[in-house]
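Novice: Just my_file.cif, nothing more (mmCIF, C-alpha atoms and all ligand atoms):
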data_run
#
loop_
_atom_site.label_atom_id
_atom_site.label_comp_id
_atom_site.auth_asym_id
_atom_site.auth_seq_id
_atom_site.Cartn_x
_atom_site.Cartn_y
_atom_site.Cartn_z
CA MET A 1 -3.58 -15.42 0.63
CA LYS A 2 -3.95 -13.05 -2.31
CA ILE A 3 -2.78 -9.45 -2.09
CA LYS A 4 -3.54 -6.76 -4.64
CA PHE A 5 -2.26 -3.18 -4.70
CA TRP A 6 -4.93 -0.59 -5.64
CA GLY A 7 -3.03 2.49 -4.43
CA VAL A 8 0.72 2.83 -3.85
CA ARG A 9 1.45 6.58 -3.95
CA GLY A 10 2.18 8.63 -0.85
CA SER A 11 0.59 11.84 0.38
CA ILE A 12 -1.58 12.90 -2.59
CA PRO A 13 -3.04 11.26 -5.72
CA THR A 14 -0.54 11.83 -8.51
CA PRO A 15 -1.75 11.31 -12.09
CA GLN A 16 0.91 11.14 -14.77
CA THR A 17 1.38 14.30 -16.80
CA SER A 18 1.22 14.47 -20.62
CA ALA A 19 4.96 15.16 -20.70
CA GLN A 20 5.67 12.01 -18.66
CA ILE A 21 3.48 9.84 -20.91
CA LYS A 22 5.13 11.30 -24.01
CA GLN A 23 8.57 10.54 -22.57
CA LYS A 24 7.57 6.87 -22.19
CA ILE A 25 6.15 6.67 -25.71
CA GLN A 26 9.36 8.18 -27.14
CA LYS A 27 11.49 5.69 -25.24
CA ILE A 28 9.39 2.73 -26.42
CA ILE A 29 9.41 3.88 -30.07
CA LYS A 30 13.20 4.29 -29.93
CA ASN A 31 13.61 0.75 -28.56
CA ILE A 32 11.24 -0.72 -31.17
CA THR A 33 13.24 1.05 -33.90
CA ASP A 34 16.63 0.02 -32.44
CA LYS A 35 15.51 -3.60 -32.15
CA LYS A 36 14.09 -3.43 -35.72
CA LEU A 37 10.76 -4.90 -34.57
CA THR A 38 8.20 -4.78 -37.35
CA GLY A 39 5.18 -7.12 -37.07
CA MET A 40 2.44 -6.34 -34.53
CA HIS A 41 3.00 -9.73 -32.87
CA GLU A 42 6.69 -8.92 -32.29
CA ILE A 43 5.84 -5.44 -31.02
CA ASN A 44 3.09 -6.69 -28.68
CA THR A 45 5.38 -9.38 -27.27
CA TYR A 46 7.99 -6.70 -26.60
CA LEU A 47 5.43 -4.39 -24.96
CA ASP A 48 4.14 -7.24 -22.77
CA SER A 49 7.71 -7.88 -21.57
CA LEU A 50 8.17 -4.33 -20.26
CA PRO A 51 7.70 -3.46 -16.57
CA ALA A 52 4.95 -1.09 -15.41
CA VAL A 53 7.52 1.71 -15.12
CA GLU A 54 8.16 1.67 -18.88
CA ALA A 55 4.93 0.58 -20.54
CA GLY A 56 2.39 1.58 -17.90
CA THR A 57 2.62 3.38 -14.62
CA ILE A 58 3.71 2.70 -11.06
CA GLY A 59 0.36 4.24 -10.18
CA GLY A 60 -1.03 7.55 -8.99
CA ASN A 61 -3.62 6.46 -6.40
CA THR A 62 -2.89 6.63 -2.69
CA SER A 63 -2.66 3.73 -0.21
CA CYS A 64 -5.11 0.88 -0.60
CA ILE A 65 -4.45 -2.87 -0.50
CA GLU A 66 -6.94 -5.72 -0.94
CA ILE A 67 -6.35 -9.01 0.85
CA ARG A 68 -8.31 -12.21 0.22
CA ALA A 69 -7.76 -15.01 2.67
CA ASP A 70 -10.04 -17.71 4.10
CA ASN A 71 -12.90 -16.30 1.96
CA GLN A 72 -12.61 -13.01 3.84
CA LEU A 73 -12.33 -9.62 2.19
CA ILE A 74 -9.87 -7.42 4.07
CA ILE A 75 -8.68 -3.96 3.05
CA PHE A 76 -5.73 -1.97 4.36
CA ASP A 77 -6.38 1.77 4.09
CA MET A 78 -8.89 3.79 2.12
CA GLY A 79 -6.71 6.02 -0.07
CA SER A 80 -7.92 7.04 -3.51
CA GLY A 81 -7.21 3.49 -4.74
CA LEU A 82 -10.29 2.36 -2.79
CA LYS A 83 -12.59 3.79 -5.47
CA ASN A 84 -11.40 1.35 -8.15
CA LEU A 85 -11.40 -1.51 -5.65
CA GLY A 86 -15.01 -0.63 -4.79
CA ASN A 87 -15.97 -0.76 -8.47
CA TYR A 88 -14.32 -4.18 -8.74
CA ILE A 89 -16.14 -5.50 -5.64
CA ALA A 90 -19.50 -4.15 -6.82
CA LYS A 91 -19.02 -5.91 -10.17
CA HIS A 92 -17.51 -9.22 -9.03
CA ASP A 93 -18.47 -9.85 -5.38
CA GLN A 94 -21.68 -8.01 -4.64
CA LYS A 95 -24.51 -10.38 -3.74
CA SER A 96 -28.10 -9.77 -2.69
CA GLU A 97 -27.60 -11.01 0.87
CA GLY A 98 -24.76 -8.56 1.32
CA LEU A 99 -21.04 -8.60 2.00
CA ASP A 100 -18.86 -8.28 5.06
CA ILE A 101 -15.93 -6.00 4.29
CA HIS A 102 -13.19 -5.55 6.88
CA ILE A 103 -11.21 -2.31 6.61
CA PHE A 104 -8.12 -1.65 8.73
CA LEU A 105 -6.82 1.92 8.89
CA SER A 106 -3.18 2.73 9.54
CA HIS A 107 -4.26 6.28 10.40
CA THR A 108 -6.59 8.98 9.15
CA HIS A 109 -4.38 11.33 7.15
CA TRP A 110 -6.26 12.29 3.98
CA ASP A 111 -4.23 10.06 1.68
CA HIS A 112 -5.48 7.04 3.68
CA ILE A 113 -9.21 7.90 3.94
CA ILE A 114 -10.05 10.03 0.90
CA GLY A 115 -11.32 7.05 -1.13
CA PHE A 116 -14.13 6.12 1.25
CA PRO A 117 -16.78 8.64 0.08
CA PHE A 118 -16.37 7.06 -3.39
CA PHE A 119 -16.48 3.42 -2.20
CA GLY A 120 -19.44 1.90 -4.09
CA PRO A 121 -20.11 -1.09 -1.76
CA ALA A 122 -20.72 1.37 1.11
CA PHE A 123 -23.93 2.44 -0.65
CA PHE A 124 -25.50 -1.08 -0.61
CA PRO A 125 -27.76 -1.38 2.49
CA ASN A 126 -27.20 -5.13 2.79
CA ASN A 127 -23.43 -4.77 3.12
CA THR A 128 -21.63 -4.41 6.44
CA ILE A 129 -18.39 -2.48 6.65
CA HIS A 130 -16.31 -3.35 9.69
CA PHE A 131 -13.78 -0.63 10.47
CA TYR A 132 -10.74 -1.27 12.66
CA SER A 133 -8.39 1.43 13.90
CA GLY A 134 -5.83 1.93 16.61
CA HIS A 135 -7.03 5.53 16.86
CA PRO A 136 -10.08 6.65 18.86
CA ASN A 137 -13.21 8.30 17.41
CA LEU A 138 -12.86 6.85 13.92
CA LYS A 139 -16.56 7.31 13.15
CA GLU A 140 -16.33 10.99 14.06
CA ARG A 141 -13.22 11.44 11.90
CA LEU A 142 -15.02 9.97 8.87
CA GLU A 143 -18.12 12.08 9.58
CA ILE A 144 -15.96 15.20 9.55
CA GLN A 145 -14.48 14.19 6.18
CA GLN A 146 -18.04 14.02 4.83
CA ASP A 147 -19.39 17.12 6.54
CA PHE A 148 -21.55 18.98 3.99
CA ARG A 149 -19.01 21.82 3.82
CA PHE A 150 -16.48 19.37 2.35
CA PHE A 151 -18.53 16.64 0.63
CA PRO A 152 -22.16 16.44 -0.54
CA VAL A 153 -22.97 12.96 0.87
CA ALA A 154 -22.87 12.49 4.65
CA LEU A 155 -21.45 9.28 6.12
CA HIS A 156 -24.88 8.22 7.42
CA HIS A 157 -26.33 8.54 3.91
CA MET A 158 -24.08 5.73 2.73
CA GLY A 159 -26.50 2.84 3.23
CA ALA A 160 -24.22 0.00 4.37
CA LYS A 161 -24.17 -0.96 8.03
CA LYS A 162 -21.01 0.34 9.69
CA GLU A 163 -19.31 -1.12 12.72
CA PHE A 164 -16.33 0.50 14.40
CA THR A 165 -13.74 -1.34 16.48
CA GLN A 166 -10.96 0.50 18.27
CA LEU A 167 -8.00 -1.86 18.42
CA LYS A 168 -6.01 -2.30 21.60
CA HIS A 169 -2.41 -1.41 20.73
CA ASN A 170 -0.11 -4.38 20.08
CA SER A 171 -3.05 -6.77 20.10
CA SER A 172 -4.37 -9.36 17.63
CA ILE A 173 -7.87 -10.18 16.41
CA SER A 174 -9.16 -12.98 14.20
CA ILE A 175 -11.47 -12.79 11.22
CA GLY A 176 -12.31 -16.39 10.39
CA ASN A 177 -8.95 -18.12 10.46
CA VAL A 178 -7.06 -14.94 9.59
CA LYS A 179 -5.07 -13.41 12.45
CA ILE A 180 -4.41 -9.67 12.25
CA SER A 181 -2.03 -7.97 14.67
CA ASN A 182 -1.32 -4.26 15.01
CA PHE A 183 1.80 -2.36 15.97
CA PRO A 184 2.18 1.40 16.66
CA LEU A 185 4.48 3.26 14.26
CA TYR A 186 6.21 6.63 14.69
CA HIS A 187 4.36 9.20 12.53
CA PRO A 188 2.75 12.61 13.15
CA GLY A 189 -0.53 11.77 14.91
CA GLY A 190 0.50 8.11 15.11
CA SER A 191 0.17 5.30 12.58
CA PHE A 192 -0.27 1.52 12.90
CA GLY A 193 1.32 -1.36 11.08
CA PHE A 194 -0.65 -4.56 10.50
CA ARG A 195 0.50 -8.13 10.25
CA ILE A 196 -1.62 -10.91 8.77
CA ASP A 197 -0.85 -14.51 9.62
CA TYR A 198 -2.83 -17.10 7.70
CA ASP A 199 -2.16 -20.61 6.47
CA LYS A 200 1.52 -20.49 7.50
CA LYS A 201 2.11 -17.27 5.51
CA SER A 202 2.60 -13.76 6.84
CA PHE A 203 2.16 -10.33 5.34
CA VAL A 204 3.23 -7.11 7.08
CA TYR A 205 1.96 -3.67 6.08
CA ALA A 206 4.03 -0.90 7.65
CA THR A 207 3.49 2.45 6.01
CA ASP A 208 3.76 6.03 7.19
CA SER A 209 6.53 5.39 9.63
CA GLU A 210 9.81 7.03 10.55
CA TYR A 211 12.54 5.14 12.37
CA LYS A 212 14.45 7.76 14.32
CA ASP A 213 14.61 5.90 17.64
CA LEU A 214 17.43 3.46 16.91
CA SER A 215 17.74 2.21 20.50
CA SER A 216 18.06 -1.57 20.60
CA ASN A 217 14.77 -1.92 22.48
CA ASN A 218 12.85 -0.05 19.80
CA ILE A 219 14.62 -1.82 16.91
CA THR A 220 13.96 -5.20 18.52
CA LYS A 221 10.23 -4.51 18.78
CA HIS A 222 10.06 -3.72 15.06
CA ILE A 223 12.12 -6.75 14.09
CA GLU A 224 9.82 -8.98 16.11
CA PHE A 225 6.79 -7.54 14.28
CA PHE A 226 8.41 -8.01 10.85
CA HIS A 227 9.95 -11.37 11.73
CA ASN A 228 9.91 -14.03 8.97
CA ALA A 229 7.35 -12.07 6.94
CA ASP A 230 6.79 -13.55 3.50
CA LEU A 231 6.06 -10.02 2.31
CA LEU A 232 6.81 -6.66 3.93
CA VAL A 233 5.21 -3.52 2.46
CA PHE A 234 7.41 -0.66 3.64
CA ASP A 235 7.24 3.15 3.56
CA ALA A 236 10.02 4.07 1.11
CA GLN A 237 8.90 7.62 0.35
CA TYR A 238 12.29 9.24 0.92
CA THR A 239 15.83 8.62 -0.16
CA PHE A 240 18.18 8.00 2.75
CA GLU A 241 19.44 11.61 2.51
CA GLU A 242 15.91 13.02 2.47
CA ALA A 243 14.96 10.93 5.49
CA ILE A 244 17.77 12.58 7.46
CA HIS A 245 16.88 16.06 6.18
CA LYS A 246 13.13 15.60 6.80
CA GLU A 247 13.31 14.48 10.40
CA ASP A 248 9.86 14.23 12.04
CA TRP A 249 8.03 14.31 8.67
CA GLY A 250 7.05 10.73 9.47
CA HIS A 251 8.44 8.71 6.56
CA SER A 252 11.27 6.33 5.84
CA SER A 253 13.57 5.08 3.09
CA ALA A 254 14.10 1.83 1.22
CA LEU A 255 17.54 1.39 2.78
CA VAL A 256 16.08 1.29 6.28
CA GLY A 257 13.58 -1.28 4.99
CA ILE A 258 16.43 -3.40 3.64
CA ASP A 259 18.31 -3.32 6.96
CA PHE A 260 15.13 -4.33 8.83
CA SER A 261 14.38 -7.05 6.28
CA ILE A 262 17.81 -8.62 6.76
CA GLN A 263 17.55 -8.58 10.54
CA ALA A 264 13.97 -9.87 10.52
CA ASN A 265 14.53 -12.50 7.81
CA VAL A 266 11.87 -11.00 5.52
CA LYS A 267 11.42 -12.93 2.25
CA ARG A 268 10.19 -10.14 -0.04
CA LEU A 269 10.27 -6.37 0.39
CA ALA A 270 7.82 -4.11 -1.49
CA LEU A 271 8.72 -0.41 -1.61
CA PHE A 272 5.53 1.60 -1.03
CA HIS A 273 4.06 5.09 -0.44
CA HIS A 274 6.03 6.56 -3.35
CA GLU A 275 6.94 10.25 -3.20
CA PRO A 276 4.47 12.30 -5.29
CA GLU A 277 7.23 14.67 -6.45
CA ARG A 278 8.99 11.82 -8.27
CA ASP A 279 8.07 10.46 -11.69
CA ASP A 280 8.06 6.73 -12.44
CA PHE A 281 11.65 6.69 -13.71
CA GLU A 282 12.91 8.44 -10.59
CA ILE A 283 11.07 5.93 -8.40
CA ASP A 284 12.60 3.12 -10.46
CA THR A 285 16.04 4.64 -9.78
CA ILE A 286 15.33 4.26 -6.05
CA LEU A 287 14.65 0.57 -6.66
CA ARG A 288 17.92 0.12 -8.58
CA LYS A 289 19.93 1.91 -5.88
CA SER A 290 18.20 -0.22 -3.24
CA ILE A 291 19.21 -3.42 -5.01
CA ASP A 292 22.80 -2.08 -5.27
CA TYR A 293 22.75 -1.34 -1.53
CA ARG A 294 21.58 -4.90 -0.78
CA ASN A 295 24.22 -6.40 -3.10
CA ILE A 296 27.06 -4.37 -1.57
CA ASN A 297 26.07 -4.67 2.09
CA TYR A 298 24.48 -8.12 2.13
CA PRO A 299 26.11 -10.03 -0.75
CA ASP A 300 24.96 -13.39 0.62
CA ASN A 301 21.30 -12.45 0.84
CA ASN A 302 19.45 -11.82 -2.42
CA PHE A 303 15.93 -11.56 -1.01
CA GLU A 304 13.55 -9.91 -3.46
CA ILE A 305 13.09 -6.12 -3.47
CA PHE A 306 10.50 -4.61 -5.80
CA LEU A 307 8.27 -1.61 -6.31
CA ALA A 308 4.64 -1.84 -5.22
CA THR A 309 2.77 -0.89 -8.39
CA GLU A 310 -0.92 -0.28 -8.92
CA GLY A 311 -2.66 -3.46 -10.09
CA LEU A 312 0.10 -5.80 -8.94
CA GLU A 313 -1.16 -9.07 -7.46
CA ILE A 314 0.84 -11.34 -5.19
CA ILE A 315 -0.11 -14.80 -4.00
CA LEU A 316 1.46 -15.94 -0.73
ZN ZN B 1 0.40 8.51 3.87
ZN ZN B 2 0.42 9.94 7.22
#
Here is a file; write its structure as structure tokens.
Specialist:
Amino acid sequence: MKIKFWGVRGSIPTPQTSAQIKQKIQKIIKNITDKKLTGMHEINTYLDSLPAVEAGTIGGNTSCIEIRADNQLIIFDMGSGLKNLGNYIAKHDQKSEGLDIHIFLSHTHWDHIIGFPFFGPAFFPNNTIHFYSGHPNLKERLEIQQDFRFFPVALHHMGAKKEFTQLKHNSSISIGNVKISNFPLYHPGGSFGFRIDYDKKSFVYATDSEYKDLSSNNITKHIEFFHNADLLVFDAQYTFEEAIHKEDWGHSSALVGIDFSIQANVKRLALFHHEPERDDFEIDTILRKSIDYRNINYPDNNFEIFLATEGLEIIL
């Protein structure tokens, strides 16, 4: 199974500012000078060694993840990252007989649907878009987003065939040999996590979720859903302190994700839905503090914790 992140930011698309880009350039120039790097080969090797936080960006687009498994094309959420994914699909996958594209929606807050009106493959009449949602009336919700008062192209003017499936809560469906289960999450208006099981690997996507009900019954249900995941993508929008302060805002922190990961025996934890008020360096600080928390509280378990960044690909 191949997973690619096309949008990782929470709440609203967040382009980098000129001041933030300049800060990165200054830092890189200082390091190149300190290390006395001179030739272009040396400098390029150094630049290639830097993480996205320093020599690129964590990413400003909102939630969108591409999954390829069993020759199926599956997408989790249609945040602004969906536009670039659509361009990629139109260039590399589009064929005359059409495509089947399976899109699962955690929920319909703007940051998870705003990319769809710009999704190129939805304009090809031979394509079929299969939508899956735990919420009712998904078609109506998308029609409202593209009402002429808010957007010039109506949903029905996007030529692809559209099929809508309302998922039974806590159920599973299969697309080819790929099993996809859903799980309700606590969030204003409700959100759903998804778990993919395919070829003895598992991937859990659990964003836009707050964990305020810490009763053992509720915790157990989550642990069962996350259990043995090879990769868990987790809502880490807030610091632990913010999560307490912003009760009922519907988001979580990396530290909660680490506690769940330990109890559920998760192999890799990707911090996701990054707070739009934070710049890349501040988000990177959350990662470093998270790793410290794991090292102090769970010294015998060094499972991987990393930032979901735009463009990152993972093979499971
Ligand atoms: Zn969101
Ligand atoms: Zn939301």
Novice: So the first atom is atom CA of Gly189 of chain A and the second is atom CA of His157 of chain A; what is the distance between them in Å, to one decimal place?
Specialist: 28.2 Å
Novice: So, with all atoms listed in the file as the atoms that count, which of A:Asn44, A:Gln94, A:Ser252, A:Asn31 lies closest to ligand ZN 1 (chain B)?
Specialist: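 Ranked by minimum distance to ligand ZN 1 (chain B), first place goes to A:Ser252.
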Novice: Distance limit 7 Å, reference ligand ZN 2 (chain B), atoms considered: all atoms listed in the file. Which residues make the cut? Give them as a ChimeraX atom specification.
Specialist: /A:107,109,187-188,208
Novice: Please identify all polymer residues within 12 Å of Arg288 of chain A, counting only C-alpha atoms, omitting same-chain residues fewer than 4 positions from it, and present them as a list in words.
Specialist: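 Counting only the stated atoms, we get Ala254, Leu255, Leu271, Phe281, Glu282, Ile283, Asp284, Asp292, Tyr293, Arg294, Asn295, Ile305, Phe306 and Leu307 of chain A.
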Novice: Residues within 6 Å of ligand ZN 1 (chain B), counting all atoms listed in the file: report them as a count of residues only.
Specialist: 4
Novice: From the options A:Pro136, A:Gly59, A:Pro125, A:Gly311, which residue's atoms come nearest to Lys95 of chain A, counting all atoms listed in the file?
Specialist: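 Smallest separation from Lys95 of chain A among the options: A:Pro125.
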